[in-house]
>>> print(open('upload26.pdb').read())   # PDB, C-alpha atoms
ATOM      1  CA  MET A   1      -3.620 -13.534   0.105
ATOM      2  CA  SER A   2      -1.719 -16.484   1.322
ATOM      3  CA  ARG A   3      -3.427 -19.769   1.978
ATOM      4  CA  ASP A   4      -3.400 -19.318   5.749
ATOM      5  CA  GLY A   5      -5.375 -16.058   5.515
ATOM      6  CA  GLY A   6      -2.389 -13.796   6.215
ATOM      7  CA  LEU A   7      -0.922 -11.184   3.964
ATOM      8  CA  SER A   8       1.053 -12.063   0.873
ATOM      9  CA  PRO A   9       4.740 -11.108   0.845
ATOM     10  CA  ARG A  10       3.950  -8.361  -1.673
ATOM     11  CA  GLN A  11       1.223  -6.906   0.583
ATOM     12  CA  GLU A  12       3.621  -6.957   3.529
ATOM     13  CA  SER A  13       6.186  -5.118   1.377
ATOM     14  CA  ILE A  14       3.627  -2.495   0.395
ATOM     15  CA  LEU A  15       2.669  -1.930   4.027
ATOM     16  CA  ARG A  16       6.350  -1.553   4.908
ATOM     17  CA  VAL A  17       6.824   1.042   2.138
ATOM     18  CA  ILE A  18       3.785   2.993   3.344
ATOM     19  CA  ARG A  19       4.916   2.871   6.975
ATOM     20  CA  ASN A  20       8.441   4.030   6.093
ATOM     21  CA  SER A  21       7.152   6.859   3.910
ATOM     22  CA  ILE A  22       4.838   8.130   6.636
ATOM     23  CA  ILE A  23       7.685   8.014   9.171
ATOM     24  CA  GLU A  24      10.221   9.697   6.882
ATOM     25  CA  CYS A  25       8.045  12.143   4.906
ATOM     26  CA  GLY A  26       4.888  12.564   6.961
ATOM     27  CA  GLU A  27       2.629  11.252   4.180
ATOM     28  CA  GLY A  28       2.040   8.117   2.187
ATOM     29  CA  PRO A  29       3.941   7.384  -1.023
ATOM     30  CA  THR A  30       2.482   7.720  -4.505
ATOM     31  CA  VAL A  31       1.297   4.629  -6.352
ATOM     32  CA  ARG A  32       4.332   4.894  -8.634
ATOM     33  CA  GLN A  33       6.716   5.150  -5.681
ATOM     34  CA  ILE A  34       5.186   2.039  -4.138
ATOM     35  CA  GLY A  35       5.508   0.190  -7.429
ATOM     36  CA  GLU A  36       9.181   1.117  -7.749
ATOM     37  CA  CYS A  37       9.911  -0.072  -4.213
ATOM     38  CA  VAL A  38       8.133  -3.430  -4.497
ATOM     39  CA  GLY A  39       8.958  -4.247  -8.118
ATOM     40  CA  LEU A  40       5.588  -3.616  -9.766
ATOM     41  CA  SER A  41       5.649  -1.607 -12.988
ATOM     42  CA  SER A  42       1.866  -1.527 -13.398
ATOM     43  CA  THR A  43       0.131   1.179 -11.375
ATOM     44  CA  SER A  44      -3.116  -0.771 -11.662
ATOM     45  CA  SER A  45      -1.465  -3.738  -9.933
ATOM     46  CA  VAL A  46      -0.349  -1.468  -7.114
ATOM     47  CA  ALA A  47      -3.828   0.068  -6.871
ATOM     48  CA  TYR A  48      -5.351  -3.420  -6.718
ATOM     49  CA  GLN A  49      -3.086  -4.398  -3.825
ATOM     50  CA  LEU A  50      -3.862  -1.114  -2.044
ATOM     51  CA  GLY A  51      -7.575  -1.778  -2.504
ATOM     52  CA  ARG A  52      -7.177  -5.229  -0.935
ATOM     53  CA  LEU A  53      -5.297  -3.745   2.038
ATOM     54  CA  GLU A  54      -8.002  -1.104   2.424
ATOM     55  CA  ALA A  55     -10.731  -3.770   2.314
ATOM     56  CA  LEU A  56      -8.906  -5.629   5.093
ATOM     57  CA  GLY A  57      -8.839  -2.454   7.188
ATOM     58  CA  LEU A  58      -5.044  -2.252   7.233
ATOM     59  CA  ILE A  59      -4.957   1.118   5.509
ATOM     60  CA  SER A  60      -7.459   3.872   4.869
ATOM     61  CA  ARG A  61      -7.412   7.056   2.874
ATOM     62  CA  SER A  62      -9.050  10.422   3.062
ATOM     63  CA  GLY A  63     -10.236  11.442  -0.355
ATOM     64  CA  ARG A  64      -9.496   9.673  -3.589
ATOM     65  CA  ARG A  65      -5.707   9.870  -3.634
ATOM     66  CA  TRP A  66      -3.626   6.984  -2.308
ATOM     67  CA  ARG A  67      -1.008   9.448  -1.109
ATOM     68  CA  SER A  68      -3.478  10.370   1.634
ATOM     69  CA  CYS A  69      -3.494   6.802   2.986
ATOM     70  CA  ARG A  70      -3.086   6.111   6.681
ATOM     71  CA  LEU A  71      -2.238   2.889   8.438
ATOM     72  CA  GLY A  72      -5.190   1.150  10.067
ATOM     73  CA  THR A  73      -5.332   0.141  13.682
TER      74      THR A  73
END
>>> encode(input="upload26.pdb", output="structure tokens")
Amino acid sequence: MSRDGGLSPRQESILRVIRNSIIECGEGPTVRQIGECVGLSSTSSVAYQLGRLEALGLISRSGRRWRSCRLGT
């Protein structure tokens, strides 16, 4: 998180990737696809960022897979 309480640039990039994937493909991207798009090679780093976004209520998922994620309201 940034100091002012907003999203970090990386979190904003991840949200953008998710939004674009849902618009273009009808479902969220895989963790690996997100990593490729935002420059993270570690899937655990991507999963950590997704967990932070989920905790903030910006995304949610049905089931255990991140591909099932939806944008929050």
>>> atom_distance(input="upload26.pdb", atom1="atom CA of A:Pro9", atom2="atom CA of A:Leu40")
13.0 Å
>>> atom_distance(input="upload26.pdb", atom1="atom CA of A:Gly63", atom2="atom CA of A:Ser8")
26.1 Å
>>> atom_distance(input="upload26.pdb", atom1="atom CA of A:Gly57", atom2="atom CA of A:Arg32")
21.9 Å
>>> residues_near_point(input="upload26.pdb", point="(12.5, 3.0, -0.6)", cutoff="10 Å", atoms="all atoms listed in the file", output="MDAnalysis selection string")
chainID A and resid 16:18 20:21 29 33:34 36:38
>>> write_last_selection(input="upload26.pdb", atoms="C-alpha atoms", output="compact mmCIF listing (two decimals), keeping the file's coordinate frame")
# COMPACT_ATOMS: atom_id res chain seq x y z
CA ARG A 16 6.35 -1.55 4.91
CA VAL A 17 6.82 1.04 2.14
CA ILE A 18 3.78 2.99 3.34
CA ASN A 20 8.44 4.03 6.09
CA SER A 21 7.15 6.86 3.91
CA PRO A 29 3.94 7.38 -1.02
CA GLN A 33 6.72 5.15 -5.68
CA ILE A 34 5.19 2.04 -4.14
CA GLU A 36 9.18 1.12 -7.75
CA CYS A 37 9.91 -0.07 -4.21
CA VAL A 38 8.13 -3.43 -4.50
>>> residues_near_point(input="upload26.pdb", point="(1.7, -7.0, -2.8)", cutoff="9 Å", atoms="all atoms listed in the file", output="number ranges by chain")
A: 1, 7-15, 38, 40, 45-46, 48-50
>>> axis_aligned_box(input="upload26.pdb", around="stretch 55-62 of chain A", padding_each_side="8 Å", output="JSON")
{"center_x": -7.8, "center_y": 2.4, "center_z": 4.8, "size_x": 21.8, "size_y": 32.1, "size_z": 20.9}
>>> decode(input="upload26.pdb", residues="stretch 41-71 of chain A", atoms="C-alpha atoms", output="CSV table (one decimal), in the first residue's frame")
chain,number,residue,atom,x,y,z
A,41,SER,CA,7.8,-14.0,-11.9
A,42,SER,CA,6.8,-15.4,-8.5
A,43,THR,CA,3.3,-16.8,-8.4
A,44,SER,CA,3.3,-16.4,-4.6
A,45,SER,CA,4.0,-12.7,-5.0
A,46,VAL,CA,1.0,-12.4,-7.3
A,47,ALA,CA,-1.1,-14.4,-4.9
A,48,TYR,CA,-0.1,-12.2,-2.0
A,49,GLN,CA,-1.1,-9.1,-4.0
A,50,LEU,CA,-4.4,-10.7,-4.9
A,51,GLY,CA,-5.0,-11.6,-1.3
A,52,ARG,CA,-4.5,-7.9,-0.3
A,53,LEU,CA,-6.9,-6.8,-3.0
A,54,GLU,CA,-9.5,-9.3,-1.8
A,55,ALA,CA,-9.0,-8.1,1.9
A,56,LEU,CA,-9.7,-4.6,0.7
A,57,GLY,CA,-12.9,-5.7,-1.0
A,58,LEU,CA,-11.7,-4.8,-4.5
A,59,ILE,CA,-12.0,-8.3,-5.8
A,60,SER,CA,-13.7,-11.5,-4.7
A,61,ARG,CA,-13.6,-15.0,-5.9
A,62,SER,CA,-16.0,-18.0,-5.9
A,63,GLY,CA,-14.1,-21.1,-4.9
A,64,ARG,CA,-10.4,-21.4,-4.4
A,65,ARG,CA,-9.2,-20.5,-7.8
A,66,TRP,CA,-8.1,-16.9,-8.6
A,67,ARG,CA,-9.4,-17.3,-12.2
A,68,SER,CA,-12.9,-17.1,-10.7
A,69,CYS,CA,-12.2,-13.7,-9.3
A,70,ARG,CA,-14.7,-10.8,-9.8
A,71,LEU,CA,-14.2,-7.1,-9.3
